[in-house]
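S.K.: Before I ask anything, let me first share the structure, which is written out below as structure tokens.
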Amino acid sequence: MGEVVYDERTVRRARYAVAAVFAVHGAVTGSFATRVPWIQDHTSVSAGQLGLALAFPAFGASVAMPLAGRISHRFGARNALRGLISLWTLALVLPSLAPNLWTLCLALFVYGATAGMADVAMNALGVDVENRLGKSIMSGLHGMWSVGALIGSAAGTLAAHLGSDARLHHALAAATLTVVALAACQWVLDLRPTEDEEPPPHFALPPRSALLIGAVGFCAVFAEGASIDWSAVYLRDQLGTSAGLAAACTTAFMLTMALARIAGDAVVNRFGAVRTVRAGGVMAALGGLLVVVAAQTSVAAAAGPAVAMAGFALMGLGIAVVVPLCFAAAGRSGPNASLAIAGVATITYTSGLIAPSAIGTLAQATSLTVSFGLVTFLACGLAVLAGVLRTGGSVRPKATAQGTDPAAQRARS
């Protein structure tokens, strides 16, 4: 993207604008997730067929994410984000309109494709703002995504409780979120390529640096997906808790991650990305160990549920900032930030796709306790692989073709 000098006020305003876009993106996800049971009933699909359909968002995202960089190059970062986030918010209505399995799969493919492209565009802009400010903000941006998801989930829960038609609910949500997103996009930085800058390819393999950074993200997202989808089942089946307490564990895990991401930038700015992820990996591994130990007979009989919930909380705290830091490192790992971010995003989306089924398959062959032993092993990988986040260097003010951004200059001093 073309290098332009922006004053401090403009960059800070852009930070809040991108944060609002992250929240909108999360709100779409939360709005959809709460109405999946309605969509299943409306399309008359079985649990197995629904599982097949729910894999299509990840497929769509993986195919489309590499296109985001070319779209940004063609139209500029602001216009690209404006168009892509609008496509994503409007795509919310598609799944509830599907009458059968095949149209649902197609709708979810489009839903995932638009989600992935908007994801890459907003993360690329977030990395740019972070570099101009000269301090970590990516964790907080992803925290805003979690806040948006919680708001969308709360609204969707209320709509489901009132028995509203998901088609009406999603139409109203899509319209509202589109307006909010377009308003926020007015204040993001209008980055454009220089005249001699080559457009990125339509499709390309991610650079090697993105693969290594993506491996870190893979470990974190695997633990996240396993915890979100299986924590309630673990407490109910392995520890014999009530359905209410089991569900509360999942909600608490998501809330813990949201709060940790919002507060995470202060930790990253103090200790750096590598040390933060390394410590987070140790914390997540300890949490996984507590989850595994909680199912042991002597522990489960007394304090098993409390130990397991403490373990899931530690995992949430440990992995919360990892994915934001992976995107930030990818954006600084080479000349084409969008391509590197798309590569990392593809790996993390893949991890989120396979984690729930991998945990279930291993649990069926052995036990759910053994499955979370695998999660604990991958959490250890965070501590081992944290050093690759140095690939992108530390957060630093961005020099421009016309001089150094004054805001960045102050941040450095």
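Quick note on naming: the chains in the structure tokens go A, B, ... in the order shown, residues restart at 1 in each chain, and ligands are numbered from 1 in order of appearance.
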Skipping near chain neighbours, those fewer than 6 positions away, what residues fall within 9 Å of range 17-24 of chain A using only C-alpha atoms, listed as number ranges by chain?
M.R.: A: 85, 89, 119, 122-123, 125-126, 129, 140-149, 151-152, 177-178, 180-188
S.K.: Between A:Asn269, A:Thr241, A:Asn79, A:Thr29, which one has atoms that come closest to Leu108 in chain A, using only C-alpha atoms?
M.R.: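 Of A:Asn269, A:Thr241, A:Asn79, A:Thr29, the one nearest Leu108 in chain A is A:Thr29, counting only C-alpha atoms.
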S.K.: Which of these, A:Val127, A:Val110, A:Ala266, A:Ala27, has the shortest distance to Ala155 in chain A once you count only C-alpha atoms?
M.R.: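 Of A:Val127, A:Val110, A:Ala266, A:Ala27, the one nearest Ala155 in chain A, counting only C-alpha atoms, is A:Ala27.
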S.K.: So which one's closest to Ala215 in chain A, A:Phe56, A:Tyr349, A:Trp38, A:Phe372? Using only C-alpha atoms, please.
M.R.: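 Smallest distance to Ala215 in chain A is found for A:Tyr349.
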S.K.: Can you work out the spacing between CA of Gly287 in chain A and CA of Ile359 in chain A in Å, to one decimal?
M.R.: 16.9 Å
S.K.: Please provide the set of residues having any atom within 10 Å of Ala159 in chain A, restricted to only C-alpha atoms, with same-chain residues fewer than 2 positions apart removed, written as a list of chain:residue names.
M.R.: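 Using only C-alpha atoms, the neighbours found are A:Ser31, A:Thr34, A:Arg35, A:Ser153, A:Ala154, A:Ala155, A:Gly156, A:Thr157, A:His161, A:Leu162, A:Gly163, A:Ser164, A:Asp165, A:Ala166, A:Leu168, A:His169, A:His170.
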S.K.: Considering only helix (DSSP H, G or I) as DSSP defines it on the backbone, what residues of range 41-116 of chain A qualify? List them as a PDB file with N, CA and C atoms, in the first residue's frame.
M.R.:
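Saved file result.pdb follows:
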```pdb
ATOM      1  N   ASP A  41     -33.910 -26.980  11.748  1.00  0.00           N
ATOM      2  CA  ASP A  41     -35.319 -27.357  11.639  1.00  0.00           C
ATOM      3  C   ASP A  41     -35.919 -26.900  10.318  1.00  0.00           C
ATOM      4  N   HIS A  42     -35.563 -25.697   9.891  1.00  0.00           N
ATOM      5  CA  HIS A  42     -36.128 -25.126   8.664  1.00  0.00           C
ATOM      6  C   HIS A  42     -35.714 -25.928   7.434  1.00  0.00           C
ATOM      7  N   THR A  43     -34.468 -26.415   7.421  1.00  0.00           N
ATOM      8  CA  THR A  43     -33.972 -27.173   6.273  1.00  0.00           C
ATOM      9  C   THR A  43     -34.213 -28.672   6.405  1.00  0.00           C
ATOM     10  N   ALA A  47     -28.409 -34.277  12.142  1.00  0.00           N
ATOM     11  CA  ALA A  47     -27.227 -33.750  12.824  1.00  0.00           C
ATOM     12  C   ALA A  47     -25.974 -33.956  11.977  1.00  0.00           C
ATOM     13  N   GLY A  48     -25.879 -35.134  11.337  1.00  0.00           N
ATOM     14  CA  GLY A  48     -24.729 -35.401  10.485  1.00  0.00           C
ATOM     15  C   GLY A  48     -24.684 -34.487   9.275  1.00  0.00           C
ATOM     16  N   GLN A  49     -25.838 -34.251   8.657  1.00  0.00           N
ATOM     17  CA  GLN A  49     -25.894 -33.349   7.514  1.00  0.00           C
ATOM     18  C   GLN A  49     -25.579 -31.913   7.908  1.00  0.00           C
ATOM     19  N   LEU A  50     -26.037 -31.520   9.098  1.00  0.00           N
ATOM     20  CA  LEU A  50     -25.722 -30.180   9.587  1.00  0.00           C
ATOM     21  C   LEU A  50     -24.217 -30.041   9.805  1.00  0.00           C
ATOM     22  N   GLY A  51     -23.593 -31.082  10.352  1.00  0.00           N
ATOM     23  CA  GLY A  51     -22.143 -31.050  10.533  1.00  0.00           C
ATOM     24  C   GLY A  51     -21.412 -30.873   9.212  1.00  0.00           C
ATOM     25  N   LEU A  52     -21.903 -31.553   8.163  1.00  0.00           N
ATOM     26  CA  LEU A  52     -21.317 -31.393   6.835  1.00  0.00           C
ATOM     27  C   LEU A  52     -21.472 -29.951   6.358  1.00  0.00           C
ATOM     28  N   ALA A  53     -22.663 -29.404   6.497  1.00  0.00           N
ATOM     29  CA  ALA A  53     -22.919 -28.041   6.033  1.00  0.00           C
ATOM     30  C   ALA A  53     -22.058 -27.024   6.767  1.00  0.00           C
ATOM     31  N   PHE A  56     -18.644 -25.930   5.425  1.00  0.00           N
ATOM     32  CA  PHE A  56     -18.526 -25.121   4.211  1.00  0.00           C
ATOM     33  C   PHE A  56     -18.069 -23.684   4.455  1.00  0.00           C
ATOM     34  N   PRO A  57     -18.381 -23.032   5.583  1.00  0.00           N
ATOM     35  CA  PRO A  57     -17.803 -21.699   5.798  1.00  0.00           C
ATOM     36  C   PRO A  57     -16.278 -21.704   5.768  1.00  0.00           C
ATOM     37  N   ALA A  58     -15.662 -22.719   6.377  1.00  0.00           N
ATOM     38  CA  ALA A  58     -14.198 -22.800   6.366  1.00  0.00           C
ATOM     39  C   ALA A  58     -13.679 -23.039   4.950  1.00  0.00           C
ATOM     40  N   PHE A  59     -14.391 -23.872   4.173  1.00  0.00           N
ATOM     41  CA  PHE A  59     -13.984 -24.092   2.787  1.00  0.00           C
ATOM     42  C   PHE A  59     -14.053 -22.786   1.996  1.00  0.00           C
ATOM     43  N   GLY A  60     -15.150 -22.072   2.140  1.00  0.00           N
ATOM     44  CA  GLY A  60     -15.315 -20.814   1.418  1.00  0.00           C
ATOM     45  C   GLY A  60     -14.261 -19.803   1.798  1.00  0.00           C
ATOM     46  N   ALA A  61     -13.971 -19.702   3.097  1.00  0.00           N
ATOM     47  CA  ALA A  61     -12.965 -18.754   3.564  1.00  0.00           C
ATOM     48  C   ALA A  61     -11.588 -19.100   3.007  1.00  0.00           C
ATOM     49  N   SER A  62     -11.237 -20.375   3.026  1.00  0.00           N
ATOM     50  CA  SER A  62      -9.915 -20.790   2.551  1.00  0.00           C
ATOM     51  C   SER A  62      -9.721 -20.475   1.074  1.00  0.00           C
ATOM     52  N   VAL A  63     -10.780 -20.632   0.294  1.00  0.00           N
ATOM     53  CA  VAL A  63     -10.698 -20.359  -1.141  1.00  0.00           C
ATOM     54  C   VAL A  63     -10.607 -18.863  -1.417  1.00  0.00           C
ATOM     55  N   ALA A  64     -11.372 -18.064  -0.683  1.00  0.00           N
ATOM     56  CA  ALA A  64     -11.528 -16.644  -1.016  1.00  0.00           C
ATOM     57  C   ALA A  64     -10.514 -15.721  -0.360  1.00  0.00           C
ATOM     58  N   LEU A  67      -7.869 -13.675  -2.191  1.00  0.00           N
ATOM     59  CA  LEU A  67      -8.342 -12.628  -3.097  1.00  0.00           C
ATOM     60  C   LEU A  67      -8.392 -11.260  -2.437  1.00  0.00           C
ATOM     61  N   ALA A  68      -8.400 -11.218  -1.110  1.00  0.00           N
ATOM     62  CA  ALA A  68      -8.576  -9.947  -0.400  1.00  0.00           C
ATOM     63  C   ALA A  68      -7.459  -8.963  -0.719  1.00  0.00           C
ATOM     64  N   GLY A  69      -6.235  -9.457  -0.814  1.00  0.00           N
ATOM     65  CA  GLY A  69      -5.118  -8.571  -1.107  1.00  0.00           C
ATOM     66  C   GLY A  69      -5.249  -7.918  -2.470  1.00  0.00           C
ATOM     67  N   ARG A  70      -5.681  -8.683  -3.446  1.00  0.00           N
ATOM     68  CA  ARG A  70      -5.837  -8.121  -4.798  1.00  0.00           C
ATOM     69  C   ARG A  70      -6.971  -7.098  -4.842  1.00  0.00           C
ATOM     70  N   ILE A  71      -8.039  -7.378  -4.106  1.00  0.00           N
ATOM     71  CA  ILE A  71      -9.161  -6.428  -4.056  1.00  0.00           C
ATOM     72  C   ILE A  71      -8.711  -5.120  -3.414  1.00  0.00           C
ATOM     73  N   SER A  72      -7.932  -5.213  -2.337  1.00  0.00           N
ATOM     74  CA  SER A  72      -7.425  -4.004  -1.677  1.00  0.00           C
ATOM     75  C   SER A  72      -6.488  -3.240  -2.598  1.00  0.00           C
ATOM     76  N   HIS A  73      -5.677  -3.952  -3.366  1.00  0.00           N
ATOM     77  CA  HIS A  73      -4.763  -3.307  -4.311  1.00  0.00           C
ATOM     78  C   HIS A  73      -5.540  -2.591  -5.405  1.00  0.00           C
ATOM     79  N   ARG A  74      -6.626  -3.182  -5.841  1.00  0.00           N
ATOM     80  CA  ARG A  74      -7.402  -2.613  -6.952  1.00  0.00           C
ATOM     81  C   ARG A  74      -8.222  -1.410  -6.519  1.00  0.00           C
ATOM     82  N   PHE A  75      -8.838  -1.477  -5.358  1.00  0.00           N
ATOM     83  CA  PHE A  75      -9.790  -0.443  -4.951  1.00  0.00           C
ATOM     84  C   PHE A  75      -9.311   0.432  -3.794  1.00  0.00           C
ATOM     85  N   ALA A  77      -7.551   0.283   0.361  1.00  0.00           N
ATOM     86  CA  ALA A  77      -7.904  -0.445   1.578  1.00  0.00           C
ATOM     87  C   ALA A  77      -9.271  -0.048   2.119  1.00  0.00           C
ATOM     88  N   ARG A  78      -9.585   1.255   2.110  1.00  0.00           N
ATOM     89  CA  ARG A  78     -10.861   1.695   2.679  1.00  0.00           C
ATOM     90  C   ARG A  78     -12.042   1.194   1.860  1.00  0.00           C
ATOM     91  N   ASN A  79     -11.989   1.372   0.544  1.00  0.00           N
ATOM     92  CA  ASN A  79     -13.092   0.906  -0.294  1.00  0.00           C
ATOM     93  C   ASN A  79     -13.220  -0.610  -0.267  1.00  0.00           C
ATOM     94  N   ALA A  80     -12.073  -1.295  -0.214  1.00  0.00           N
ATOM     95  CA  ALA A  80     -12.120  -2.758  -0.154  1.00  0.00           C
ATOM     96  C   ALA A  80     -12.801  -3.217   1.124  1.00  0.00           C
ATOM     97  N   LEU A  81     -12.401  -2.618   2.251  1.00  0.00           N
ATOM     98  CA  LEU A  81     -13.014  -3.007   3.520  1.00  0.00           C
ATOM     99  C   LEU A  81     -14.503  -2.671   3.520  1.00  0.00           C
ATOM    100  N   ARG A  82     -14.854  -1.496   2.982  1.00  0.00           N
ATOM    101  CA  ARG A  82     -16.256  -1.096   2.927  1.00  0.00           C
ATOM    102  C   ARG A  82     -17.088  -2.130   2.152  1.00  0.00           C
ATOM    103  N   GLY A  83     -16.577  -2.565   1.008  1.00  0.00           N
ATOM    104  CA  GLY A  83     -17.314  -3.538   0.216  1.00  0.00           C
ATOM    105  C   GLY A  83     -17.335  -4.921   0.833  1.00  0.00           C
ATOM    106  N   LEU A  84     -16.180  -5.379   1.346  1.00  0.00           N
ATOM    107  CA  LEU A  84     -16.091  -6.743   1.860  1.00  0.00           C
ATOM    108  C   LEU A  84     -16.860  -6.922   3.157  1.00  0.00           C
ATOM    109  N   ILE A  85     -16.800  -5.932   4.054  1.00  0.00           N
ATOM    110  CA  ILE A  85     -17.543  -6.072   5.310  1.00  0.00           C
ATOM    111  C   ILE A  85     -19.045  -5.992   5.045  1.00  0.00           C
ATOM    112  N   SER A  86     -19.458  -5.222   4.032  1.00  0.00           N
ATOM    113  CA  SER A  86     -20.880  -5.164   3.683  1.00  0.00           C
ATOM    114  C   SER A  86     -21.366  -6.491   3.111  1.00  0.00           C
ATOM    115  N   LEU A  87     -20.537  -7.100   2.258  1.00  0.00           N
ATOM    116  CA  LEU A  87     -20.896  -8.418   1.733  1.00  0.00           C
ATOM    117  C   LEU A  87     -21.038  -9.435   2.862  1.00  0.00           C
ATOM    118  N   TRP A  88     -20.177  -9.337   3.858  1.00  0.00           N
ATOM    119  CA  TRP A  88     -20.211 -10.267   4.992  1.00  0.00           C
ATOM    120  C   TRP A  88     -21.464 -10.067   5.835  1.00  0.00           C
ATOM    121  N   THR A  89     -21.788  -8.810   6.155  1.00  0.00           N
ATOM    122  CA  THR A  89     -22.978  -8.574   6.966  1.00  0.00           C
ATOM    123  C   THR A  89     -24.246  -8.999   6.227  1.00  0.00           C
ATOM    124  N   LEU A  90     -24.302  -8.719   4.929  1.00  0.00           N
ATOM    125  CA  LEU A  90     -25.486  -9.089   4.147  1.00  0.00           C
ATOM    126  C   LEU A  90     -25.580 -10.597   3.934  1.00  0.00           C
ATOM    127  N   ALA A  91     -24.424 -11.279   3.915  1.00  0.00           N
ATOM    128  CA  ALA A  91     -24.427 -12.739   3.754  1.00  0.00           C
ATOM    129  C   ALA A  91     -25.059 -13.440   4.945  1.00  0.00           C
ATOM    130  N   VAL A  93     -27.969 -13.226   5.962  1.00  0.00           N
ATOM    131  CA  VAL A  93     -29.353 -13.626   5.670  1.00  0.00           C
ATOM    132  C   VAL A  93     -29.420 -14.923   4.875  1.00  0.00           C
ATOM    133  N   LEU A  94     -28.342 -15.309   4.198  1.00  0.00           N
ATOM    134  CA  LEU A  94     -28.409 -16.430   3.259  1.00  0.00           C
ATOM    135  C   LEU A  94     -28.726 -17.778   3.904  1.00  0.00           C
ATOM    136  N   PRO A  95     -28.043 -18.183   4.991  1.00  0.00           N
ATOM    137  CA  PRO A  95     -28.324 -19.521   5.534  1.00  0.00           C
ATOM    138  C   PRO A  95     -29.776 -19.720   5.962  1.00  0.00           C
ATOM    139  N   SER A  96     -30.398 -18.691   6.539  1.00  0.00           N
ATOM    140  CA  SER A  96     -31.783 -18.853   6.998  1.00  0.00           C
ATOM    141  C   SER A  96     -32.774 -18.927   5.838  1.00  0.00           C
ATOM    142  N   LEU A  97     -32.348 -18.519   4.646  1.00  0.00           N
ATOM    143  CA  LEU A  97     -33.223 -18.594   3.463  1.00  0.00           C
ATOM    144  C   LEU A  97     -33.139 -19.940   2.759  1.00  0.00           C
ATOM    145  N   LEU A 101     -30.553 -29.028   2.193  1.00  0.00           N
ATOM    146  CA  LEU A 101     -29.145 -29.209   2.524  1.00  0.00           C
ATOM    147  C   LEU A 101     -28.220 -28.564   1.505  1.00  0.00           C
ATOM    148  N   TRP A 102     -28.489 -28.776   0.219  1.00  0.00           N
ATOM    149  CA  TRP A 102     -27.538 -28.323  -0.795  1.00  0.00           C
ATOM    150  C   TRP A 102     -27.514 -26.801  -0.901  1.00  0.00           C
ATOM    151  N   THR A 103     -28.665 -26.178  -0.808  1.00  0.00           N
ATOM    152  CA  THR A 103     -28.674 -24.714  -0.822  1.00  0.00           C
ATOM    153  C   THR A 103     -28.053 -24.162   0.466  1.00  0.00           C
ATOM    154  N   LEU A 104     -28.201 -24.894   1.572  1.00  0.00           N
ATOM    155  CA  LEU A 104     -27.570 -24.467   2.819  1.00  0.00           C
ATOM    156  C   LEU A 104     -26.049 -24.530   2.688  1.00  0.00           C
ATOM    157  N   CYS A 105     -25.537 -25.587   2.081  1.00  0.00           N
ATOM    158  CA  CYS A 105     -24.090 -25.700   1.871  1.00  0.00           C
ATOM    159  C   CYS A 105     -23.579 -24.554   0.998  1.00  0.00           C
ATOM    160  N   LEU A 106     -24.323 -24.241  -0.063  1.00  0.00           N
ATOM    161  CA  LEU A 106     -23.921 -23.140  -0.942  1.00  0.00           C
ATOM    162  C   LEU A 106     -23.966 -21.806  -0.196  1.00  0.00           C
ATOM    163  N   ALA A 107     -25.035 -21.597   0.577  1.00  0.00           N
ATOM    164  CA  ALA A 107     -25.161 -20.348   1.340  1.00  0.00           C
ATOM    165  C   ALA A 107     -24.022 -20.207   2.346  1.00  0.00           C
ATOM    166  N   LEU A 108     -23.664 -21.303   3.011  1.00  0.00           N
ATOM    167  CA  LEU A 108     -22.599 -21.247   4.005  1.00  0.00           C
ATOM    168  C   LEU A 108     -21.229 -21.093   3.354  1.00  0.00           C
ATOM    169  N   PHE A 109     -21.078 -21.594   2.131  1.00  0.00           N
ATOM    170  CA  PHE A 109     -19.828 -21.380   1.396  1.00  0.00           C
ATOM    171  C   PHE A 109     -19.641 -19.887   1.107  1.00  0.00           C
ATOM    172  N   VAL A 110     -20.706 -19.230   0.624  1.00  0.00           N
ATOM    173  CA  VAL A 110     -20.640 -17.788   0.357  1.00  0.00           C
ATOM    174  C   VAL A 110     -20.440 -17.013   1.662  1.00  0.00           C
ATOM    175  N   TYR A 111     -21.159 -17.443   2.683  1.00  0.00           N
ATOM    176  CA  TYR A 111     -21.041 -16.829   4.016  1.00  0.00           C
ATOM    177  C   TYR A 111     -19.591 -16.878   4.500  1.00  0.00           C
ATOM    178  N   GLY A 112     -18.947 -18.026   4.359  1.00  0.00           N
ATOM    179  CA  GLY A 112     -17.567 -18.172   4.784  1.00  0.00           C
ATOM    180  C   GLY A 112     -16.593 -17.399   3.906  1.00  0.00           C
ATOM    181  N   ALA A 113     -16.861 -17.365   2.592  1.00  0.00           N
ATOM    182  CA  ALA A 113     -15.973 -16.644   1.676  1.00  0.00           C
ATOM    183  C   ALA A 113     -15.950 -15.153   1.994  1.00  0.00           C
ATOM    184  N   THR A 114     -17.118 -14.575   2.208  1.00  0.00           N
ATOM    185  CA  THR A 114     -17.172 -13.152   2.531  1.00  0.00           C
ATOM    186  C   THR A 114     -16.574 -12.873   3.910  1.00  0.00           C
ATOM    187  N   ALA A 115     -16.786 -13.794   4.843  1.00  0.00           N
ATOM    188  CA  ALA A 115     -16.196 -13.639   6.182  1.00  0.00           C
ATOM    189  C   ALA A 115     -14.681 -13.622   6.102  1.00  0.00           C
ATOM    190  N   GLY A 116     -14.109 -14.564   5.338  1.00  0.00           N
ATOM    191  CA  GLY A 116     -12.662 -14.671   5.241  1.00  0.00           C
ATOM    192  C   GLY A 116     -12.020 -13.456   4.587  1.00  0.00           C
TER     193      GLY A 116
END
```
S.K.: Using only C-alpha atoms for the distances, tell me which of A:Leu317, A:Met65, A:Met257, A:Val291 is nearest to Met117 in chain A.
M.R.: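 With only C-alpha atoms as the atom set, the closest residue is A:Met65.
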S.K.: Measuring between only C-alpha atoms, which one of A:Val282, A:Ala118, A:Ser227, A:Ser242 shows the shortest distance to Gly352 in chain A?
M.R.: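 Using only C-alpha atoms, the shortest distance to Gly352 in chain A belongs to A:Ser227.
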S.K.: What's the 10 Å shell around Asp128 in chain A, counting only C-alpha atoms, without same-chain residues fewer than 4 positions away, as number ranges by chain?
M.R.: A: 1, 11, 15, 122-124, 132-134, 189, 191, 328, 331-332, 337, 397-398
S.K.: Can you work out which one of A:Ala329, A:Ala260, A:Val221, A:Ala252 has the shortest atom-to-atom distance to Gly311 in chain A, counting only C-alpha atoms?
M.R.: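 Checking each of A:Ala329, A:Ala260, A:Val221, A:Ala252 against Gly311 in chain A, counting only C-alpha atoms, the winner is A:Ala252.
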S.K.: Figure out the distance between CA of Leu325 in chain A and CA of Ser357 in chain A, please, to one decimal in Å.
M.R.: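 About the pair CA of Ser357 in chain A and CA of Leu325 in chain A: they are 26.0 Å apart.
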